[in-house]
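Engineer: Just dropping this structure here.
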Amino acid sequence: MSSDTEGPATTPPVLSLRGIRKLFGGVVALADFSLDLHAGEIVALVGDNGAGKSTLVKIISGVYPPSAGQMLIDGQDTRFADPSQAQASGIQVVFQDLALAERQPVYMNLFLGREAVTGPWRRLDRRRMIRESEALIQGLDIRIPSARATIRELSGGQRQGVAIARATHFAAKLVLMDEPTAALGVAETMKVESIIRSLRERHLAVLLISHSLDQVFRLADRICVLRRGVQVDVRPTSRTSSNEIVAMITGVA
Ligand SMILES: Nc1ncnc2c1ncn2[C@@H]1O[C@H](COP(=O)(O)OP(=O)(O)O)[C@@H](O)[C@H]1O
Ligand SMILES: [Mg+2]
């Protein structure tokens with residue numbers, strides 16, 4: 001935990017993006033994106049389909065290298081060769097497509113890449129993973145039949161719950177959420193929103209992609225708007241309105 005003497009003024013941003021650009025062949029998915037994200041802050045990223053939101057998440061999390069630009073983590077120039085390096089730096093992601101192993105049980109998905117092992121032959125410690133998964137699921141209040149259920153057996157909302165549980169449990173620094181409540185009902189959405197607030201209280205940084213402007217205004221400290229790969233603006237939530245954000249998203253003033 002940081003003391004009250006620390007703050008954004010003395011601590012470098014958790015994430016600093018400078019002039020990030022991404023090309024896919026001739027398509028400019030991101031033109032020139034810059035943002036500082038501080039610990040204990042929720043920044044929403046909004047924009048229409050194809051605006052470049054998921055591309056940005058994949059660049060930050062080491063799925064794609066940027067075509068140009070610089071990324072700093074805690075003030076250090078960083079380049080991730082793959083997603084496991086981003087994870088090792090304390091970054092967790094809820095991908096839009098969730099990135100779950102369909103044929104594997106819930107508990108293996110929760111521990112993907114960090115499986116518990118036991119004994120001299122380092123066999124999978126399934127009992128321990130199941131026990132910890134059950135506690136995790138219960139703690140998050142997401143309704144899943146069993147930690148042993150395979151992902152294929154779950155509804156869209158339950159799958160989203162597993163992806164959120166994994167990201168929020170293992171995040172140490174930064175959580176990226178790409179449409180985390182798209183498949184959820186009203187009560188489940190409220191629960192996830194309270195989880196997102198608890199991440200801020202844990203002093204993590206959150207980048208939230210959402211199509212629900214109501215949700216964005218409920219949660220975010222600042223709102224960043226993308227339109228066709230171009231960063232339109234970043235506004236403190238308290239100093240903008242839904243109408244203004246819609247105008248920036250659509251380009252219709
Ligand atoms: N892997 C890829 N290969 C080629 N083009 C891509 C790829 N990923 C995204 N794009 C293109 O980049 C643009 C931004 O896409 P995306 O980041 O998915 O937008 P959003 O998440 O805001 O809907 C779109 O034009 C999309 O077609
Ligand atoms: Mg997307």
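Residue numbering restarts at 1 for every chain of the structure tokens, chains are lettered A, B, ... in their displayed order, and ligands are numbered from 1 as they appear.
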Please return as a ChimeraX atom specification the residues found within 6 Å of ligand 1, counting only C-alpha atoms and all ligand atoms.
Structural biologist: /A:24,29,49-55
Engineer: To check your reading of the model: which residues sit at most 12 Å from ligand 2 when counting only C-alpha atoms and all ligand atoms? Write the answer as an MDAnalysis selection string.
Structural biologist: chainID A and resid 29 45:58 94:98 177:180 182 208:211 226 229
Engineer: Pick out the residues sitting within 10 Å of Met108 (chain A), and hand them over as a list in words; count only C-alpha atoms, and ignore anything fewer than 5 positions along from it in its own chain.
Structural biologist: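 Near neighbours after the sequence-gap exclusion: Leu100, Ala101, Arg103, Gly113, Arg114, Glu115, Ala116, Leu124, Arg126, Met129, Ile130, Ser133, Ala147, Arg148, Thr150 and Ile151 of chain A.
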Engineer: Considering only C-alpha atoms, state which residue in the set A:Val14, A:Arg128, A:Gly119, A:Ala135 is at the smallest distance from Asp77 (chain A).
Structural biologist: A:Val14
Engineer: Near Gln70 (chain A), counting only C-alpha atoms, which residues have an atom at most 9 Å away, once you skip same-chain residues fewer than 6 positions from it, shown as a ChimeraX atom specification?
Structural biologist: /A:16-20,77-79
Engineer: Next, write the just-selected residues to a file, as a PDB file, in the first residue's frame, keeping C-alpha atoms as the atom set.
Structural biologist:
ATOM      1  CA  SER A  16       2.371   5.684 -20.120  1.00  0.00           C
ATOM      2  CA  LEU A  17       1.653   5.414 -23.846  1.00  0.00           C
ATOM      3  CA  ARG A  18       3.386   7.838 -26.180  1.00  0.00           C
ATOM      4  CA  GLY A  19       2.572   8.136 -29.848  1.00  0.00           C
ATOM      5  CA  ILE A  20       1.378   4.558 -30.232  1.00  0.00           C
ATOM      6  CA  ASP A  77      10.589   1.884 -21.226  1.00  0.00           C
ATOM      7  CA  THR A  78       8.946  -1.483 -21.905  1.00  0.00           C
ATOM      8  CA  ARG A  79       8.481  -3.803 -24.851  1.00  0.00           C
TER       9      ARG A  79
END
Engineer: Just the residues within 8 Å of region 239-242 of chain A, please, counting only C-alpha atoms, with nothing from its chain fewer than 3 positions along; format it as a PyMOL selection string.
Structural biologist: chain A and resi 213+217+235-236+245-246
Engineer: Any chance you could export the current selection's N, CA and C atoms as a PDB file, in the first residue's frame?
Structural biologist:
ATOM      1  N   LEU A 213     -22.538   3.984 -22.057  1.00  0.00           N
ATOM      2  CA  LEU A 213     -22.072   5.276 -21.526  1.00  0.00           C
ATOM      3  C   LEU A 213     -22.556   5.476 -20.102  1.00  0.00           C
ATOM      4  N   PHE A 217     -20.014   6.491 -17.199  1.00  0.00           N
ATOM      5  CA  PHE A 217     -20.187   7.648 -16.305  1.00  0.00           C
ATOM      6  C   PHE A 217     -20.291   7.224 -14.844  1.00  0.00           C
ATOM      7  N   ARG A 235     -11.197  13.300 -21.419  1.00  0.00           N
ATOM      8  CA  ARG A 235     -11.873  14.284 -20.562  1.00  0.00           C
ATOM      9  C   ARG A 235     -12.099  13.720 -19.164  1.00  0.00           C
ATOM     10  N   PRO A 236     -11.921  14.544 -18.132  1.00  0.00           N
ATOM     11  CA  PRO A 236     -12.373  14.115 -16.806  1.00  0.00           C
ATOM     12  C   PRO A 236     -13.895  13.926 -16.858  1.00  0.00           C
ATOM     13  N   ILE A 245     -19.773  13.286 -25.258  1.00  0.00           N
ATOM     14  CA  ILE A 245     -19.032  12.069 -25.604  1.00  0.00           C
ATOM     15  C   ILE A 245     -19.608  11.440 -26.877  1.00  0.00           C
ATOM     16  N   VAL A 246     -20.936  11.371 -26.969  1.00  0.00           N
ATOM     17  CA  VAL A 246     -21.572  10.817 -28.177  1.00  0.00           C
ATOM     18  C   VAL A 246     -21.141  11.617 -29.410  1.00  0.00           C
TER      19      VAL A 246
END
Engineer: Please extract the residues of region 72-238 of chain A with a backbone DSSP assignment of strand (DSSP E or B) and present them as a ChimeraX atom specification.
Structural biologist: /A:72-73,76-77,91-94,105,117-118,123-124,150,174-178,205-209,222-227,230-236
Engineer: Would you mind exporting N, CA and C atoms of the selected residues as a compact mmCIF listing (two decimals), in the first residue's frame?
Structural biologist:
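Listed below is the output, again06.txt:
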# COMPACT_ATOMS: atom_id res chain seq x y z
N LEU A 72 5.67 2.94 -21.45
CA LEU A 72 6.42 2.89 -20.20
C LEU A 72 5.54 2.28 -19.12
N ILE A 73 6.13 1.37 -18.34
CA ILE A 73 5.46 0.80 -17.18
C ILE A 73 6.21 1.29 -15.96
N GLN A 76 9.36 2.99 -16.76
CA GLN A 76 10.43 2.27 -17.46
C GLN A 76 10.00 1.91 -18.88
N ASP A 77 10.84 2.23 -19.83
CA ASP A 77 10.59 1.88 -21.23
C ASP A 77 10.41 0.37 -21.34
N ILE A 91 0.12 -7.10 -15.32
CA ILE A 91 -0.99 -6.68 -16.18
C ILE A 91 -1.90 -7.87 -16.45
N GLN A 92 -3.20 -7.69 -16.23
CA GLN A 92 -4.18 -8.72 -16.52
C GLN A 92 -5.22 -8.17 -17.47
N VAL A 93 -5.76 -9.05 -18.31
CA VAL A 93 -6.69 -8.61 -19.34
C VAL A 93 -7.96 -9.47 -19.34
N VAL A 94 -9.11 -8.82 -19.47
CA VAL A 94 -10.33 -9.52 -19.85
C VAL A 94 -10.53 -9.21 -21.32
N PRO A 105 -11.67 -27.37 -17.63
CA PRO A 105 -12.56 -26.95 -16.55
C PRO A 105 -12.26 -25.52 -16.09
N VAL A 117 1.39 -27.07 -8.69
CA VAL A 117 1.94 -28.43 -8.82
C VAL A 117 2.36 -28.94 -7.45
N THR A 118 2.51 -30.26 -7.35
CA THR A 118 2.85 -30.87 -6.08
C THR A 118 3.76 -32.09 -6.28
N ARG A 123 3.40 -32.96 -10.29
CA ARG A 123 2.08 -33.23 -10.86
C ARG A 123 1.16 -32.05 -10.56
N LEU A 124 0.14 -31.86 -11.42
CA LEU A 124 -0.83 -30.80 -11.18
C LEU A 124 -1.53 -31.03 -9.86
N THR A 150 -16.70 -27.66 -17.36
CA THR A 150 -15.88 -27.17 -18.48
C THR A 150 -16.50 -25.87 -19.01
N LEU A 174 -2.25 -3.41 -13.22
CA LEU A 174 -3.12 -2.83 -14.25
C LEU A 174 -4.08 -3.89 -14.76
N VAL A 175 -5.36 -3.53 -14.87
CA VAL A 175 -6.35 -4.43 -15.46
C VAL A 175 -6.95 -3.77 -16.70
N LEU A 176 -6.93 -4.49 -17.82
CA LEU A 176 -7.55 -4.03 -19.05
C LEU A 176 -8.81 -4.84 -19.26
N MET A 177 -9.94 -4.15 -19.43
CA MET A 177 -11.20 -4.88 -19.59
C MET A 177 -11.88 -4.46 -20.87
N ASP A 178 -12.01 -5.42 -21.80
CA ASP A 178 -12.61 -5.13 -23.10
C ASP A 178 -14.05 -5.63 -23.09
N ALA A 205 -4.62 0.27 -11.51
CA ALA A 205 -5.12 1.11 -12.61
C ALA A 205 -6.02 0.24 -13.48
N VAL A 206 -7.10 0.84 -13.98
CA VAL A 206 -8.05 0.09 -14.82
C VAL A 206 -8.30 0.85 -16.11
N LEU A 207 -8.20 0.14 -17.23
CA LEU A 207 -8.63 0.67 -18.51
C LEU A 207 -9.86 -0.12 -18.92
N LEU A 208 -10.99 0.56 -19.00
CA LEU A 208 -12.28 -0.10 -19.22
C LEU A 208 -12.84 0.29 -20.58
N ILE A 209 -13.08 -0.71 -21.42
CA ILE A 209 -13.77 -0.47 -22.69
C ILE A 209 -15.23 -0.86 -22.49
N ARG A 222 -11.84 9.31 -15.91
CA ARG A 222 -11.63 10.03 -17.16
C ARG A 222 -12.15 9.19 -18.31
N ILE A 223 -12.49 9.85 -19.40
CA ILE A 223 -13.02 9.16 -20.57
C ILE A 223 -12.19 9.54 -21.79
N CYS A 224 -11.71 8.51 -22.49
CA CYS A 224 -10.89 8.71 -23.68
C CYS A 224 -11.70 8.27 -24.89
N VAL A 225 -11.77 9.10 -25.91
CA VAL A 225 -12.58 8.79 -27.09
C VAL A 225 -11.69 8.51 -28.30
N LEU A 226 -11.97 7.40 -28.96
CA LEU A 226 -11.30 7.02 -30.21
C LEU A 226 -12.31 7.06 -31.34
N ARG A 227 -11.89 7.59 -32.48
CA ARG A 227 -12.74 7.51 -33.67
C ARG A 227 -11.89 7.11 -34.86
N VAL A 230 -8.24 7.40 -34.48
CA VAL A 230 -7.74 8.71 -34.04
C VAL A 230 -8.22 9.00 -32.62
N GLN A 231 -7.29 9.40 -31.76
CA GLN A 231 -7.64 9.77 -30.39
C GLN A 231 -8.26 11.16 -30.42
N VAL A 232 -9.56 11.24 -30.12
CA VAL A 232 -10.25 12.53 -30.23
C VAL A 232 -9.93 13.40 -29.02
N ASP A 233 -10.07 12.82 -27.81
CA ASP A 233 -9.78 13.60 -26.60
C ASP A 233 -9.83 12.70 -25.37
N VAL A 234 -9.30 13.19 -24.26
CA VAL A 234 -9.46 12.55 -22.96
C VAL A 234 -10.05 13.61 -22.04
N ARG A 235 -11.20 13.30 -21.42
CA ARG A 235 -11.87 14.28 -20.56
C ARG A 235 -12.10 13.72 -19.16
N PRO A 236 -11.92 14.54 -18.13
CA PRO A 236 -12.37 14.11 -16.81
C PRO A 236 -13.89 13.93 -16.86
Engineer: Hey, which of A:Gln215, A:Ser194, A:Gln85, A:Asn109 ends up closest to Gln160 (chain A)? Count only C-alpha atoms.
Structural biologist: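 Looking at the shortest contact to Gln160 (chain A), the residue is A:Asn109.
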Engineer: Just give me the gap between CA of Glu134 (chain A) and CA of Gln87 (chain A) in Å, one decimal is fine.
Structural biologist: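 Spanning CA of Glu134 (chain A) to CA of Gln87 (chain A) is a straight-line distance of 22.6 Å.
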Engineer: Which residue, A:Ser155, A:Ala165, A:Leu136, A:Arg228, has the smallest gap to Phe33 (chain A) when you use only C-alpha atoms?
Structural biologist: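 Going through A:Ser155, A:Ala165, A:Leu136, A:Arg228 one by one, the smallest distance to Phe33 (chain A) is for A:Arg228.
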Engineer: With only C-alpha atoms as the basis for distance, which of A:Ala44, A:Leu184, A:Ala68, A:Val63 is at the shortest distance from Leu30 (chain A)?
Structural biologist: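 Ranking A:Ala44, A:Leu184, A:Ala68, A:Val63 by distance to Leu30 (chain A), first place goes to A:Ala68.
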Engineer: Let me make sure I understand: among A:Lys173, A:His38, A:Arg122, A:Arg218, which one has the smallest atom-to-atom distance to Met190 (chain A) if we use only C-alpha atoms?
Structural biologist: A:Arg218
Engineer: Identify which of the residues A:His203, A:Val106, A:Phe111, A:Leu35 lies closest to Pro145 (chain A), counting only C-alpha atoms when measuring atom-to-atom distances.
Structural biologist: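 Counting only C-alpha atoms, the residue closest to Pro145 (chain A) is A:Val106.
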Engineer: Could you check how far CA of Pro12 (chain A) sits from CA of Gly75 (chain A), in Å to one decimal?
Structural biologist: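 Computing the Euclidean distance for CA of Pro12 (chain A) and CA of Gly75 (chain A) yields 5.4 Å.
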Engineer: Which of region 64-159 of chain A counts as alpha helix (DSSP H) under DSSP, as a PyMOL selection string please?
Structural biologist: chain A and resi 83-88+106-110+126-140+156-159
